[in-house]
file final-v8.json (JSON, C-alpha atoms)
[["chain", "number", "residue", "atom", "x", "y", "z"],
["A", 1, "MET", "CA", 64.17, 89.84, 22.96],
["A", 2, "ILE", "CA", 65.33, 86.44, 24.23],
["A", 3, "LEU", "CA", 67.77, 88.19, 26.54],
["A", 4, "TYR", "CA", 64.93, 90.20, 28.12],
["A", 5, "LEU", "CA", 62.90, 87.02, 28.40],
["A", 6, "PHE", "CA", 65.83, 85.43, 30.25],
["A", 7, "TYR", "CA", 66.01, 88.41, 32.63],
["A", 8, "PHE", "CA", 62.27, 88.34, 33.25],
["A", 9, "LEU", "CA", 62.13, 84.57, 33.87],
["A", 10, "SER", "CA", 65.17, 84.66, 36.17],
["A", 11, "PHE", "CA", 63.66, 87.53, 38.16],
["A", 12, "LEU", "CA", 60.36, 85.66, 38.40],
["A", 13, "VAL", "CA", 62.00, 82.43, 39.54],
["A", 14, "ILE", "CA", 64.25, 84.04, 42.15],
["A", 15, "MET", "CA", 61.56, 86.33, 43.55],
["A", 16, "SER", "CA", 58.98, 83.58, 43.87],
["A", 17, "ALA", "CA", 61.57, 81.23, 45.41],
["A", 18, "LEU", "CA", 62.34, 83.92, 47.99],
["A", 19, "MET", "CA", 58.64, 84.37, 48.65],
["A", 20, "VAL", "CA", 58.33, 80.61, 49.25],
["A", 21, "VAL", "CA", 60.82, 80.99, 52.09],
["A", 22, "PHE", "CA", 59.52, 84.24, 53.56],
["A", 23, "SER", "CA", 55.74, 84.14, 53.21],
["A", 24, "LYS", "CA", 53.89, 83.47, 56.44],
["A", 25, "ASN", "CA", 51.05, 81.35, 55.10],
["A", 26, "PRO", "CA", 51.99, 77.85, 53.83],
["A", 27, "VAL", "CA", 49.32, 78.00, 51.11],
["A", 28, "HIS", "CA", 50.90, 81.17, 49.75],
["A", 29, "SER", "CA", 54.26, 79.37, 49.79],
["A", 30, "VAL", "CA", 52.81, 76.57, 47.65],
["A", 31, "LEU", "CA", 51.33, 79.06, 45.16],
["A", 32, "TYR", "CA", 54.64, 80.95, 44.88],
["A", 33, "LEU", "CA", 56.41, 77.63, 44.35],
["A", 34, "VAL", "CA", 54.04, 76.86, 41.46],
["A", 35, "MET", "CA", 54.96, 80.24, 39.99],
["A", 36, "ALA", "CA", 58.67, 79.42, 40.34],
["A", 37, "PHE", "CA", 58.10, 76.09, 38.61],
["A", 38, "PHE", "CA", 56.40, 77.81, 35.67],
["A", 39, "GLY", "CA", 59.38, 80.16, 35.41],
["A", 40, "ILE", "CA", 61.75, 77.19, 35.34],
["A", 41, "ALA", "CA", 59.61, 75.58, 32.63],
["A", 42, "GLY", "CA", 60.00, 78.82, 30.65],
["A", 43, "HIS", "CA", 63.76, 78.51, 31.06],
["A", 44, "TYR", "CA", 63.58, 74.96, 29.69],
["A", 45, "VAL", "CA", 61.74, 76.24, 26.61],
["A", 46, "LEU", "CA", 64.40, 78.92, 26.16],
["A", 47, "LEU", "CA", 67.05, 76.20, 26.31],
["A", 48, "ASN", "CA", 65.41, 74.13, 23.53],
["A", 49, "ALA", "CA", 64.22, 71.45, 25.99],
["A", 50, "GLN", "CA", 60.55, 71.46, 25.04],
["A", 51, "PHE", "CA", 59.84, 67.90, 26.15],
["A", 52, "LEU", "CA", 61.29, 68.53, 29.61],
["A", 53, "ALA", "CA", 59.29, 71.75, 29.90],
["A", 54, "ALA", "CA", 56.07, 69.84, 29.30],
["A", 55, "VAL", "CA", 57.05, 67.03, 31.68],
["A", 56, "HIS", "CA", 58.12, 69.57, 34.30],
["A", 57, "ILE", "CA", 54.74, 71.31, 34.26],
["A", 58, "ILE", "CA", 52.84, 68.02, 34.32],
["A", 59, "VAL", "CA", 54.88, 66.44, 37.12],
["A", 60, "TYR", "CA", 55.61, 69.43, 39.34],
["A", 61, "ALA", "CA", 52.75, 71.87, 38.90],
["A", 62, "GLY", "CA", 50.26, 69.10, 38.15],
["A", 63, "ALA", "CA", 51.12, 66.34, 40.59],
["A", 64, "ILE", "CA", 53.60, 67.35, 43.28],
["A", 65, "MET", "CA", 52.14, 70.74, 44.13],
["A", 66, "VAL", "CA", 48.62, 69.35, 44.24],
["A", 67, "LEU", "CA", 49.93, 66.79, 46.72],
["A", 68, "PHE", "CA", 51.46, 69.57, 48.82],
["A", 69, "LEU", "CA", 48.26, 71.62, 48.76],
["A", 70, "PHE", "CA", 46.25, 68.53, 49.62],
["A", 71, "VAL", "CA", 48.42, 67.80, 52.66],
["A", 72, "ILE", "CA", 48.30, 71.41, 53.85],
["A", 73, "MET", "CA", 44.52, 71.51, 53.56],
["A", 74, "LEU", "CA", 44.24, 68.08, 55.19],
["A", 75, "LEU", "CA", 46.37, 69.06, 58.17],
["A", 76, "ASN", "CA", 44.64, 72.46, 58.35],
["A", 77, "LEU", "CA", 47.92, 74.33, 58.41],
["A", 78, "ASN", "CA", 46.70, 77.31, 56.38],
["A", 79, "LYS", "CA", 47.04, 79.77, 59.21],
["A", 80, "GLU", "CA", 49.79, 82.17, 60.14],
["A", 81, "THR", "CA", 50.34, 81.14, 63.74],
["A", 82, "GLU", "CA", 53.22, 78.75, 63.24],
["A", 83, "PRO", "CA", 56.30, 79.31, 65.42],
["A", 84, "HIS", "CA", 59.43, 80.84, 63.95],
["A", 85, "LYS", "CA", 63.06, 80.45, 64.81],
["A", 86, "GLY", "CA", 64.83, 83.04, 66.92],
["A", 87, "ASN", "CA", 66.45, 86.07, 65.36],
["A", 88, "TRP", "CA", 69.97, 84.83, 65.99],
["A", 89, "LEU", "CA", 69.25, 81.53, 64.25],
["A", 90, "LYS", "CA", 67.72, 83.39, 61.32],
["A", 91, "LEU", "CA", 70.79, 85.60, 61.05],
["A", 92, "ALA", "CA", 73.07, 82.56, 61.23],
["A", 93, "ALA", "CA", 71.03, 80.82, 58.50],
["A", 94, "THR", "CA", 71.28, 83.85, 56.23],
["A", 95, "ILE", "CA", 75.02, 84.20, 56.74],
["A", 96, "ALA", "CA", 75.60, 80.47, 56.20],
["A", 97, "SER", "CA", 73.65, 80.38, 52.94],
["A", 98, "GLY", "CA", 75.40, 83.56, 51.75],
["A", 99, "LEU", "CA", 78.74, 81.89, 52.34],
["A", 100, "LEU", "CA", 77.52, 78.84, 50.46],
["A", 101, "LEU", "CA", 76.59, 81.05, 47.51],
["A", 102, "ILE", "CA", 80.09, 82.54, 47.48],
["A", 103, "ILE", "CA", 81.63, 79.06, 47.54],
["A", 104, "LEU", "CA", 79.37, 77.79, 44.75],
["A", 105, "VAL", "CA", 80.08, 80.75, 42.49],
["A", 106, "GLY", "CA", 83.81, 80.46, 43.18],
["A", 107, "ALA", "CA", 83.88, 76.71, 42.58],
["A", 108, "LEU", "CA", 82.00, 76.94, 39.27],
["A", 109, "LYS", "CA", 83.99, 79.91, 37.96],
["A", 110, "GLY", "CA", 85.94, 78.17, 35.21],
["A", 111, "ALA", "CA", 83.03, 76.13, 33.88],
["A", 112, "ASP", "CA", 82.52, 78.29, 30.78],
["A", 113, "LYS", "CA", 85.87, 77.18, 29.38],
["A", 114, "ILE", "CA", 84.49, 73.80, 28.32],
["A", 115, "VAL", "CA", 84.33, 73.14, 24.60],
["A", 116, "SER", "CA", 81.53, 71.12, 23.06],
["A", 117, "VAL", "CA", 82.57, 68.01, 21.14],
["A", 118, "ASN", "CA", 79.22, 67.83, 19.34],
["A", 119, "ALA", "CA", 78.13, 70.18, 16.60],
["A", 120, "PHE", "CA", 75.36, 72.53, 17.68],
["A", 121, "ASN", "CA", 72.01, 70.79, 17.42],
["A", 122, "GLY", "CA", 68.90, 72.72, 18.37],
["A", 123, "GLU", "CA", 66.65, 69.66, 18.28],
["A", 124, "VAL", "CA", 68.32, 67.67, 21.04],
["A", 125, "GLY", "CA", 65.45, 68.32, 23.46],
["A", 126, "LEU", "CA", 62.67, 66.98, 21.27],
["A", 127, "VAL", "CA", 60.85, 63.75, 22.07],
["A", 128, "LYS", "CA", 62.41, 61.90, 19.15],
["A", 129, "ASN", "CA", 66.02, 62.41, 20.21],
["A", 130, "LEU", "CA", 65.40, 62.01, 23.93],
["A", 131, "GLY", "CA", 63.42, 58.81, 23.35],
["A", 132, "LYS", "CA", 66.26, 57.33, 21.35],
["A", 133, "ILE", "CA", 68.75, 58.12, 24.11],
["A", 134, "LEU", "CA", 66.40, 56.94, 26.86],
["A", 135, "PHE", "CA", 65.60, 53.59, 25.31],
["A", 136, "ASN", "CA", 69.08, 52.82, 23.99],
["A", 137, "ASP", "CA", 71.60, 54.06, 26.54],
["A", 138, "PHE", "CA", 69.41, 54.30, 29.64],
["A", 139, "LEU", "CA", 67.09, 51.32, 29.29],
["A", 140, "LEU", "CA", 68.17, 49.58, 32.50],
["A", 141, "PRO", "CA", 67.86, 52.71, 34.71],
["A", 142, "PHE", "CA", 64.46, 53.32, 33.13],
["A", 143, "GLU", "CA", 63.27, 49.86, 34.16],
["A", 144, "VAL", "CA", 64.85, 50.15, 37.62],
["A", 145, "SER", "CA", 62.96, 53.40, 38.20],
["A", 146, "SER", "CA", 59.71, 51.43, 37.94],
["A", 147, "ILE", "CA", 60.88, 49.34, 40.92],
["A", 148, "LEU", "CA", 61.60, 52.60, 42.73],
["A", 149, "PHE", "CA", 58.04, 53.75, 42.07],
["A", 150, "LEU", "CA", 56.65, 50.45, 43.29],
["A", 151, "ALA", "CA", 58.69, 50.73, 46.50],
["A", 152, "ALA", "CA", 57.58, 54.34, 46.96],
["A", 153, "MET", "CA", 53.93, 53.38, 46.48],
["A", 154, "VAL", "CA", 54.12, 50.50, 48.95],
["A", 155, "GLY", "CA", 55.98, 52.71, 51.44],
["A", 156, "ALA", "CA", 53.48, 55.54, 51.18],
["A", 157, "VAL", "CA", 50.54, 53.18, 51.68],
["A", 158, "MET", "CA", 52.19, 51.48, 54.65],
["A", 159, "LEU", "CA", 53.04, 54.81, 56.28],
["A", 160, "GLY", "CA", 49.59, 56.21, 55.66],
["A", 161, "LYS", "CA", 47.72, 53.36, 57.28],
["A", 162, "LYS", "CA", 46.20, 54.04, 60.65],
["A", 163, "GLU", "CA", 47.57, 51.08, 62.57],
["A", 164, "ILE", "CA", 50.27, 48.71, 61.40],
["A", 165, "LYS", "CA", 49.63, 45.35, 62.99],
["B", 1, "MET", "CA", 67.44, 81.49, 17.75],
["B", 2, "SER", "CA", 67.39, 80.44, 21.34],
["B", 3, "ALA", "CA", 69.00, 81.33, 24.62],
["B", 4, "VAL", "CA", 71.90, 79.00, 23.84],
["B", 5, "GLN", "CA", 73.45, 81.42, 21.36],
["B", 6, "LEU", "CA", 72.65, 84.61, 23.26],
["B", 7, "VAL", "CA", 73.00, 83.94, 26.99],
["B", 8, "PRO", "CA", 76.42, 82.95, 28.38],
["B", 9, "ILE", "CA", 76.50, 79.70, 30.35],
["B", 10, "ASN", "CA", 77.87, 81.65, 33.31],
["B", 11, "TRP", "CA", 74.50, 83.30, 33.85],
["B", 12, "TYR", "CA", 72.75, 79.96, 34.08],
["B", 13, "ILE", "CA", 75.40, 78.80, 36.55],
["B", 14, "LEU", "CA", 74.80, 81.93, 38.62],
["B", 15, "LEU", "CA", 71.01, 81.50, 38.47],
["B", 16, "SER", "CA", 71.28, 77.88, 39.57],
["B", 17, "ALA", "CA", 73.65, 78.76, 42.40],
["B", 18, "VAL", "CA", 71.26, 81.47, 43.64],
["B", 19, "LEU", "CA", 68.28, 79.12, 43.46],
["B", 20, "PHE", "CA", 70.17, 76.38, 45.32],
["B", 21, "THR", "CA", 71.19, 78.89, 47.97],
["B", 22, "ILE", "CA", 67.60, 80.01, 48.41],
["B", 23, "GLY", "CA", 66.66, 76.37, 48.97],
["B", 24, "VAL", "CA", 69.38, 75.96, 51.60],
["B", 25, "LEU", "CA", 68.30, 79.22, 53.22],
["B", 26, "GLY", "CA", 64.74, 77.97, 53.46],
["B", 27, "VAL", "CA", 65.80, 74.70, 55.06],
["B", 28, "LEU", "CA", 67.84, 76.58, 57.67],
["B", 29, "PHE", "CA", 65.35, 79.40, 58.14],
["B", 30, "ARG", "CA", 61.97, 77.77, 58.69],
["B", 31, "ARG", "CA", 60.57, 75.39, 61.28],
["B", 32, "ASN", "CA", 57.58, 74.10, 59.35],
["B", 33, "ALA", "CA", 58.45, 70.70, 57.84],
["B", 34, "ILE", "CA", 56.25, 71.25, 54.77],
["B", 35, "ILE", "CA", 58.10, 74.46, 53.86],
["B", 36, "ILE", "CA", 61.38, 72.58, 54.31],
["B", 37, "PHE", "CA", 60.13, 69.98, 51.83],
["B", 38, "MET", "CA", 59.31, 72.72, 49.34],
["B", 39, "CYS", "CA", 62.79, 74.17, 49.72],
["B", 40, "ILE", "CA", 64.26, 70.75, 48.96],
["B", 41, "GLU", "CA", 62.21, 70.81, 45.75],
["B", 42, "ILE", "CA", 63.72, 74.21, 44.92],
["B", 43, "MET", "CA", 67.21, 72.75, 45.37],
["B", 44, "LEU", "CA", 66.39, 69.80, 43.11],
["B", 45, "ASN", "CA", 65.11, 72.21, 40.47],
["B", 46, "ALA", "CA", 68.25, 74.32, 40.64],
["B", 47, "VAL", "CA", 70.31, 71.24, 39.82],
["B", 48, "ASN", "CA", 67.87, 70.26, 37.06],
["B", 49, "LEU", "CA", 68.15, 73.70, 35.49],
["B", 50, "LEU", "CA", 71.94, 73.52, 35.43],
["B", 51, "LEU", "CA", 71.87, 70.02, 33.91],
["B", 52, "VAL", "CA", 69.51, 71.16, 31.16],
["B", 53, "ALA", "CA", 71.63, 74.24, 30.51],
["B", 54, "PHE", "CA", 74.81, 72.23, 30.07],
["B", 55, "SER", "CA", 72.97, 69.63, 28.01],
["B", 56, "SER", "CA", 71.74, 72.31, 25.62],
["B", 57, "TYR", "CA", 75.06, 74.14, 25.41],
["B", 58, "LEU", "CA", 76.96, 70.93, 24.67],
["B", 59, "SER", "CA", 74.19, 69.47, 22.43],
["B", 60, "ASP", "CA", 74.24, 66.26, 24.43],
["B", 61, "GLY", "CA", 70.88, 64.69, 25.22],
["B", 62, "ALA", "CA", 72.10, 62.57, 28.13],
["B", 63, "GLY", "CA", 71.83, 65.49, 30.57],
["B", 64, "GLN", "CA", 68.15, 65.90, 29.77],
["B", 65, "VAL", "CA", 67.57, 62.19, 30.38],
["B", 66, "PHE", "CA", 69.24, 62.63, 33.78],
["B", 67, "VAL", "CA", 66.77, 65.41, 34.53],
["B", 68, "PHE", "CA", 63.95, 63.09, 33.55],
["B", 69, "PHE", "CA", 65.16, 60.53, 36.09],
["B", 70, "ILE", "CA", 65.60, 63.21, 38.76],
["B", 71, "MET", "CA", 61.98, 64.23, 38.24],
["B", 72, "ALA", "CA", 60.88, 60.59, 38.70],
["B", 73, "VAL", "CA", 62.90, 60.28, 41.91],
["B", 74, "ALA", "CA", 61.53, 63.61, 43.16],
["B", 75, "ALA", "CA", 57.96, 62.46, 42.63],
["B", 76, "ALA", "CA", 58.62, 59.25, 44.60],
["B", 77, "GLU", "CA", 60.42, 61.21, 47.32],
["B", 78, "VAL", "CA", 57.53, 63.62, 47.75],
["B", 79, "ALA", "CA", 54.98, 60.81, 47.99],
["B", 80, "VAL", "CA", 56.91, 59.02, 50.74],
["B", 81, "GLY", "CA", 57.94, 62.25, 52.47],
["B", 82, "LEU", "CA", 54.41, 63.58, 52.71],
["B", 83, "ALA", "CA", 53.23, 60.22, 54.04],
["B", 84, "ILE", "CA", 55.89, 60.45, 56.76],
["B", 85, "LEU", "CA", 54.81, 64.03, 57.44],
["B", 86, "ILE", "CA", 51.18, 63.01, 57.88],
["B", 87, "MET", "CA", 52.27, 60.28, 60.29],
["B", 88, "ILE", "CA", 54.34, 62.81, 62.28],
["B", 89, "TYR", "CA", 51.34, 65.12, 62.43],
["B", 90, "ARG", "CA", 49.14, 62.28, 63.61],
["B", 91, "ASN", "CA", 51.52, 61.51, 66.47],
["B", 92, "ASN", "CA", 52.55, 65.04, 67.48],
["B", 93, "HIS", "CA", 49.65, 67.23, 66.26],
["B", 94, "SER", "CA", 52.20, 69.58, 64.72],
["B", 95, "THR", "CA", 54.68, 69.73, 61.83],
["B", 96, "ASP", "CA", 57.15, 71.80, 63.82],
["B", 97, "ILE", "CA", 60.60, 70.23, 63.49],
["B", 98, "ASN", "CA", 61.60, 71.43, 66.96],
["B", 99, "VAL", "CA", 59.11, 68.93, 68.43],
["B", 100, "LEU", "CA", 61.05, 66.08, 66.82],
["B", 101, "ASN", "CA", 63.97, 66.04, 69.23],
["B", 102, "LYS", "CA", 63.57, 62.58, 70.76],
["B", 103, "LEU", "CA", 66.71, 61.31, 69.04],
["B", 104, "LYS", "CA", 68.67, 64.44, 69.86],
["B", 105, "TRP", "CA", 71.62, 63.81, 72.11]]
call {"tool": "encode", "arguments": {"input": "final-v8.json", "output": "structure tokens"}}
result
Amino acid sequence: MILYLFYFLSFLVIMSALMVVFSKNPVHSVLYLVMAFFGIAGHYVLLNAQFLAAVHIIVYAGAIMVLFLFVIMLLNLNKETEPHKGNWLKLAATIASGLLLIILVGALKGADKIVSVNAFNGEVGLVKNLGKILFNDFLLPFEVSSILFLAAMVGAVMLGKKEIK
Amino acid sequence: MSAVQLVPINWYILLSAVLFTIGVLGVLFRRNAIIIFMCIEIMLNAVNLLLVAFSSYLSDGAGQVFVFFIMAVAAAEVAVGLAILIMIYRNNHSTDINVLNKLKW
């Protein structure tokens, strides 16, 4: 049952990721990307990472993709007349990424030999455990990320202004 | 029961590699800057998926906290990136990356 769910979610994620690349209309690309994100959230649930699944849906499908859709609608790009690269460049891109896939698979081949030092714990992805790790071991990076957000906010506002005097 | 006991880690590695490759393919394949941004998001998510898979297989929560931070950085990156994109559109009236060749040697 879980194995079939894994197959289905993987198929969904890969197909919708391919459709993001190959669909002509940018709005369709955004909608396929939302579908891929929901598939990845399903994978997180399968991997006992329930908290991350919820955060993933809220952040990606809820915030980032709305931002993408907003920009596409604002710039009025939802038409199919955008220029494409030449056929030779497309062929070169496909070959290059295929070679990259071969290299990645070859480089990660022995990764299943690792042995876990911890006993199996199915509750590692719950809020309680992750909160303990986040606020004990990763407290400083957590606070620094707020500075990152502040910088991003100031940068986005400055870039979005009409004239910078 | 969960996928951790039933699915070998190799399959998650393969899935992540394929997703990352699709992201790279999109960056090389398309000329629209917004689609290129979306493909960068796909690449980030491939890495996230692999981190969560290893974190679950090794029962170590630190990997999932890394993913949490990556999501925060991705949100900030998209906000700034889309602001830059809007500025490019305002100056060039297009999001075609082939227009942006002023710095090209």
call {"tool": "atom_distance", "arguments": {"input": "final-v8.json", "atom1": "CA of Met158 in chain A", "atom2": "CA of Ile42 in chain B"}}
result
27.3 Å
call {"tool": "interface_residues", "arguments": {"input": "final-v8.json", "of": "chain A", "to": "chain B", "cutoff": "6 Å", "atoms": "only C-alpha atoms", "output": "list of chain:residue names"}}
result
A:Val21, A:Leu46, A:Leu47, A:Lys90, A:Ala93, A:Ser97, A:Leu101, A:Ser116, A:Phe120, A:Asn121, A:Val124, A:Ala152, A:Ala156, A:Leu159, A:Gly160
call {"tool": "residues_around", "arguments": {"input": "final-v8.json", "residues": "Val20 in chain A", "least_positions_apart": "5", "cutoff": "7 Å", "atoms": "only C-alpha atoms", "output": "PyMOL selection string"}}
result
chain A and resi 29+32-33
call {"tool": "closest_residue", "arguments": {"input": "final-v8.json", "among": "A:Ile40, A:Leu67, A:Ala92, A:Met1", "to": "Val47 in chain B", "atoms": "all atoms listed in the file"}}
result
A:Ile40
call {"tool": "atom_distance", "arguments": {"input": "final-v8.json", "atom1": "CA of Ile64 in chain A", "atom2": "CA of His28 in chain A"}}
result
15.5 Å
call {"tool": "atom_distance", "arguments": {"input": "final-v8.json", "atom1": "CA of Asp112 in chain A", "atom2": "CA of Leu51 in chain B"}}
result
13.8 Å
call {"tool": "axis_aligned_box", "arguments": {"input": "final-v8.json", "around": "range 59-77 of chain A", "padding_each_side": "3 Å", "output": "lines of an AutoDock Vina configuration file"}}
result
center_x = 49.9
center_y = 70.3
center_z = 47.8
size_x = 17.4
size_y = 14.0
size_z = 27.3
call {"tool": "closest_residue", "arguments": {"input": "final-v8.json", "among": "A:Gly98, A:Ser23, A:Pro83, A:Asn76", "to": "Val99 in chain B", "atoms": "only C-alpha atoms"}}
result
A:Pro83
call {"tool": "closest_residue", "arguments": {"input": "final-v8.json", "among": "A:Ala41, A:Phe22, A:Val34, A:Ala63", "to": "Ser10 in chain A", "atoms": "all atoms listed in the file"}}
result
A:Ala41
call {"tool": "closest_residue", "arguments": {"input": "final-v8.json", "among": "A:Leu31, A:Ala111, A:Leu99, A:Leu52", "to": "Ser16 in chain A", "atoms": "only C-alpha atoms"}}
result
A:Leu31
call {"tool": "residues_around", "arguments": {"input": "final-v8.json", "residues": "Met73 in chain A", "least_positions_apart": "2", "cutoff": "12 Å", "atoms": "all atoms listed in the file", "output": "ChimeraX atom specification"}}
result
/A:25-27,30,66-71,75-79 /B:34,86
call {"tool": "write_last_selection", "arguments": {"input": "final-v8.json", "atoms": "C-alpha atoms", "output": "PDB file, in the coordinates of the input"}}
result
ATOM      1  CA  ASN A  25      51.050  81.350  55.100  1.00  0.00           C
ATOM      2  CA  PRO A  26      51.990  77.850  53.830  1.00  0.00           C
ATOM      3  CA  VAL A  27      49.320  78.000  51.110  1.00  0.00           C
ATOM      4  CA  VAL A  30      52.810  76.570  47.650  1.00  0.00           C
ATOM      5  CA  VAL A  66      48.620  69.350  44.240  1.00  0.00           C
ATOM      6  CA  LEU A  67      49.930  66.790  46.720  1.00  0.00           C
ATOM      7  CA  PHE A  68      51.460  69.570  48.820  1.00  0.00           C
ATOM      8  CA  LEU A  69      48.260  71.620  48.760  1.00  0.00           C
ATOM      9  CA  PHE A  70      46.250  68.530  49.620  1.00  0.00           C
ATOM     10  CA  VAL A  71      48.420  67.800  52.660  1.00  0.00           C
ATOM     11  CA  LEU A  75      46.370  69.060  58.170  1.00  0.00           C
ATOM     12  CA  ASN A  76      44.640  72.460  58.350  1.00  0.00           C
ATOM     13  CA  LEU A  77      47.920  74.330  58.410  1.00  0.00           C
ATOM     14  CA  ASN A  78      46.700  77.310  56.380  1.00  0.00           C
ATOM     15  CA  LYS A  79      47.040  79.770  59.210  1.00  0.00           C
TER      16      LYS A  79
ATOM     17  CA  ILE B  34      56.250  71.250  54.770  1.00  0.00           C
ATOM     18  CA  ILE B  86      51.180  63.010  57.880  1.00  0.00           C
TER      19      ILE B  86
END
